[in-house]
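Step one of this worksheet: look at the structure below.
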Amino acid sequence: MTMNQAEPRNVYLVRHGQTGLNRTGYIRGHTNPPLDAGGLAQADAVGRLMAQVQPMKIASSPLDRAIQTAAAIAEAAHLGSSVDERLIDRDFGQWTGFLEAKGAALWGTAAQAPGVETDEAIVERAMPALEDAANAAEAGPAVLVTHDAVIRELLVPLSPDAASATFPTGCWSLLTRSGAQWAAGPIGQNGAAAPHGEGGTGDDGRQ
């Protein structure tokens with residue numbers, strides 16, 4: 001039985017697990033470090049949580065840290081996962097590998113450095129991926145594993161808290177589409193906060 005297009009479609013945005021560059025404060029962007037031990041544990045934890053909502057689709061950024069996190073979710077949910085290039089992290093250009101604190105001192109945030117991919121460009125490429133995920137979420141929710149910059153920019157128009165919110169590695173946020181309208185649910189939820197919804201139990205945590 002096919003759900004009506006106007007019925008709610010849930011998409012969970014999951015930030016990848018921790019890498020060594022996250023711990024040391026360097027701008028990751030399109031660099032491709034793997035998850036460290038802590039990140040693997042975070043991936044396993046969020047995988048168990050996402051399995052509770054019984055997802056029907058799992059897709060990730062093409063970067064290894066996201067692919068590894070998606071693989072942990074897929075294993076817990078007994079599904080496959082795919083790669084979507086549109087979910088890749090912000091392109092920091094020549095500032096990739098720069099210390100985040102130094103970027104913040106010079107420009108306010110590293111995202112404001114000259115030549116860096118703009119917020120608008122991120123939304124332009126990532127929003128269609130979000131819409132495609134919702135279209136695929138007929139029988140159950142979709143899970144997209146991506147990066148802080150992408151999650152933040154998709155949430156900012158929908159949640160007044162998103163601009164200043166913290167999105168730690170391994171966290172999840174919920175977006176729901178009803179008809180053509182999107183709404184934000186819990187955002188930045190960590191491994192101690194299990195999602196409600198399809199099959200879920202428990203309570204409803206920068207780059």
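Convention: chains lettered A, B, ... in structure tokens order; per-chain residue numbering from 1; ligands numbered from 1 as shown.
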Enumerate the residues of chain A with a DSSP assignment of alpha helix (DSSP H), computed from the backbone, and present them as a PyMOL selection string.
-> chain A and resi 20-24+37-52+64-77+100-107+119-136+148-155
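In this model, the gap between CA of Gly188 in chain A and CA of Ala165 in chain A comes to 7.2 Å.
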Close residues, Ala51 in chain A itself excluded, 7 Å, only C-alpha atoms, min 3 positions apart in chain, as number ranges by chain | A: 47-48, 54-55, 73, 76-77
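Restricting the calculation to only C-alpha atoms, the smallest distance between Glu100 in chain A and any of A:Ser60, A:Ser159, A:Asn135, A:Asn22 is found for A:Asn22.
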Using DSSP on the backbone coordinates, identify all residues within range 16-194 of chain A classified as strand (DSSP E); present the result as a PyMOL selection string.
-> chain A and resi 57-60+82-83+142-146+172-178+181-184
For the residues selected in the previous step, produce a file with N, CA and C atoms as a PDB file, in the first residue's frame.
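The new file selection11.pdb reads:
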```pdb
ATOM      1  N   LYS A  57      15.713   3.543   3.964  1.00  0.00           N
ATOM      2  CA  LYS A  57      16.765   4.036   3.075  1.00  0.00           C
ATOM      3  C   LYS A  57      17.877   4.618   3.919  1.00  0.00           C
ATOM      4  N   ILE A  58      19.124   4.316   3.573  1.00  0.00           N
ATOM      5  CA  ILE A  58      20.301   4.878   4.234  1.00  0.00           C
ATOM      6  C   ILE A  58      21.255   5.341   3.141  1.00  0.00           C
ATOM      7  N   ALA A  59      21.648   6.591   3.193  1.00  0.00           N
ATOM      8  CA  ALA A  59      22.605   7.135   2.226  1.00  0.00           C
ATOM      9  C   ALA A  59      23.607   8.004   2.963  1.00  0.00           C
ATOM     10  N   SER A  60      24.783   8.181   2.374  1.00  0.00           N
ATOM     11  CA  SER A  60      25.821   8.957   3.050  1.00  0.00           C
ATOM     12  C   SER A  60      26.599   9.814   2.065  1.00  0.00           C
ATOM     13  N   SER A  82      23.864   3.528   0.487  1.00  0.00           N
ATOM     14  CA  SER A  82      24.362   4.063  -0.776  1.00  0.00           C
ATOM     15  C   SER A  82      25.097   5.367  -0.513  1.00  0.00           C
ATOM     16  N   VAL A  83      25.807   5.843  -1.524  1.00  0.00           N
ATOM     17  CA  VAL A  83      26.560   7.095  -1.433  1.00  0.00           C
ATOM     18  C   VAL A  83      25.869   8.149  -2.286  1.00  0.00           C
ATOM     19  N   ALA A 142      13.941   7.679   6.195  1.00  0.00           N
ATOM     20  CA  ALA A 142      15.253   7.628   5.562  1.00  0.00           C
ATOM     21  C   ALA A 142      16.285   8.198   6.519  1.00  0.00           C
ATOM     22  N   VAL A 143      17.524   7.730   6.376  1.00  0.00           N
ATOM     23  CA  VAL A 143      18.640   8.222   7.187  1.00  0.00           C
ATOM     24  C   VAL A 143      19.718   8.715   6.234  1.00  0.00           C
ATOM     25  N   LEU A 144      20.146   9.961   6.415  1.00  0.00           N
ATOM     26  CA  LEU A 144      21.222  10.543   5.620  1.00  0.00           C
ATOM     27  C   LEU A 144      22.391  10.852   6.547  1.00  0.00           C
ATOM     28  N   VAL A 145      23.549  10.290   6.241  1.00  0.00           N
ATOM     29  CA  VAL A 145      24.744  10.517   7.056  1.00  0.00           C
ATOM     30  C   VAL A 145      25.604  11.559   6.347  1.00  0.00           C
ATOM     31  N   THR A 146      25.818  12.673   7.006  1.00  0.00           N
ATOM     32  CA  THR A 146      26.498  13.782   6.357  1.00  0.00           C
ATOM     33  C   THR A 146      27.350  14.541   7.375  1.00  0.00           C
ATOM     34  N   TRP A 172      22.123  13.031  15.897  1.00  0.00           N
ATOM     35  CA  TRP A 172      21.073  12.938  14.882  1.00  0.00           C
ATOM     36  C   TRP A 172      20.086  14.078  15.062  1.00  0.00           C
ATOM     37  N   SER A 173      19.454  14.431  13.936  1.00  0.00           N
ATOM     38  CA  SER A 173      18.398  15.445  13.918  1.00  0.00           C
ATOM     39  C   SER A 173      17.276  14.921  13.024  1.00  0.00           C
ATOM     40  N   LEU A 174      16.065  15.358  13.284  1.00  0.00           N
ATOM     41  CA  LEU A 174      14.902  14.859  12.547  1.00  0.00           C
ATOM     42  C   LEU A 174      14.244  15.980  11.757  1.00  0.00           C
ATOM     43  N   LEU A 175      13.994  15.703  10.472  1.00  0.00           N
ATOM     44  CA  LEU A 175      13.191  16.571   9.620  1.00  0.00           C
ATOM     45  C   LEU A 175      11.986  15.776   9.129  1.00  0.00           C
ATOM     46  N   THR A 176      10.831  16.436   9.082  1.00  0.00           N
ATOM     47  CA  THR A 176       9.602  15.793   8.611  1.00  0.00           C
ATOM     48  C   THR A 176       8.988  16.635   7.503  1.00  0.00           C
ATOM     49  N   ARG A 177       8.673  15.981   6.385  1.00  0.00           N
ATOM     50  CA  ARG A 177       7.985  16.652   5.288  1.00  0.00           C
ATOM     51  C   ARG A 177       6.535  16.214   5.250  1.00  0.00           C
ATOM     52  N   SER A 178       5.629  17.186   5.277  1.00  0.00           N
ATOM     53  CA  SER A 178       4.200  16.931   5.110  1.00  0.00           C
ATOM     54  C   SER A 178       3.750  17.716   3.889  1.00  0.00           C
ATOM     55  N   GLN A 181       5.771  20.928   2.752  1.00  0.00           N
ATOM     56  CA  GLN A 181       6.291  21.692   3.877  1.00  0.00           C
ATOM     57  C   GLN A 181       7.210  20.837   4.741  1.00  0.00           C
ATOM     58  N   TRP A 182       8.360  21.416   5.130  1.00  0.00           N
ATOM     59  CA  TRP A 182       9.310  20.752   6.014  1.00  0.00           C
ATOM     60  C   TRP A 182       9.215  21.359   7.408  1.00  0.00           C
ATOM     61  N   ALA A 183       9.414  20.510   8.411  1.00  0.00           N
ATOM     62  CA  ALA A 183       9.472  20.970   9.797  1.00  0.00           C
ATOM     63  C   ALA A 183      10.589  20.239  10.509  1.00  0.00           C
ATOM     64  N   ALA A 184      11.247  20.931  11.432  1.00  0.00           N
ATOM     65  CA  ALA A 184      12.321  20.321  12.214  1.00  0.00           C
ATOM     66  C   ALA A 184      11.762  19.746  13.504  1.00  0.00           C
TER      67      ALA A 184
END
```
Shortest contact to Ala134 in chain A, candidates A:Ile187, A:Ala180, A:Val116, A:Ala121, atoms counted only C-alpha atoms, goes to A:Ala180
Give me the residues within 12 Å of Ile67 in chain A as a ChimeraX atom specification, counting only C-alpha atoms and dropping any in the same chain fewer than 3 places off.
-> /A:14-17,32-35,40,43,58-64,70-74,80-85,87-88,144-147
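Closest approach to Gly97 in chain A from the set A:Gln189, A:Ser164, A:Thr31, A:Asn10 is made by A:Thr31, with distances taken over only C-alpha atoms.
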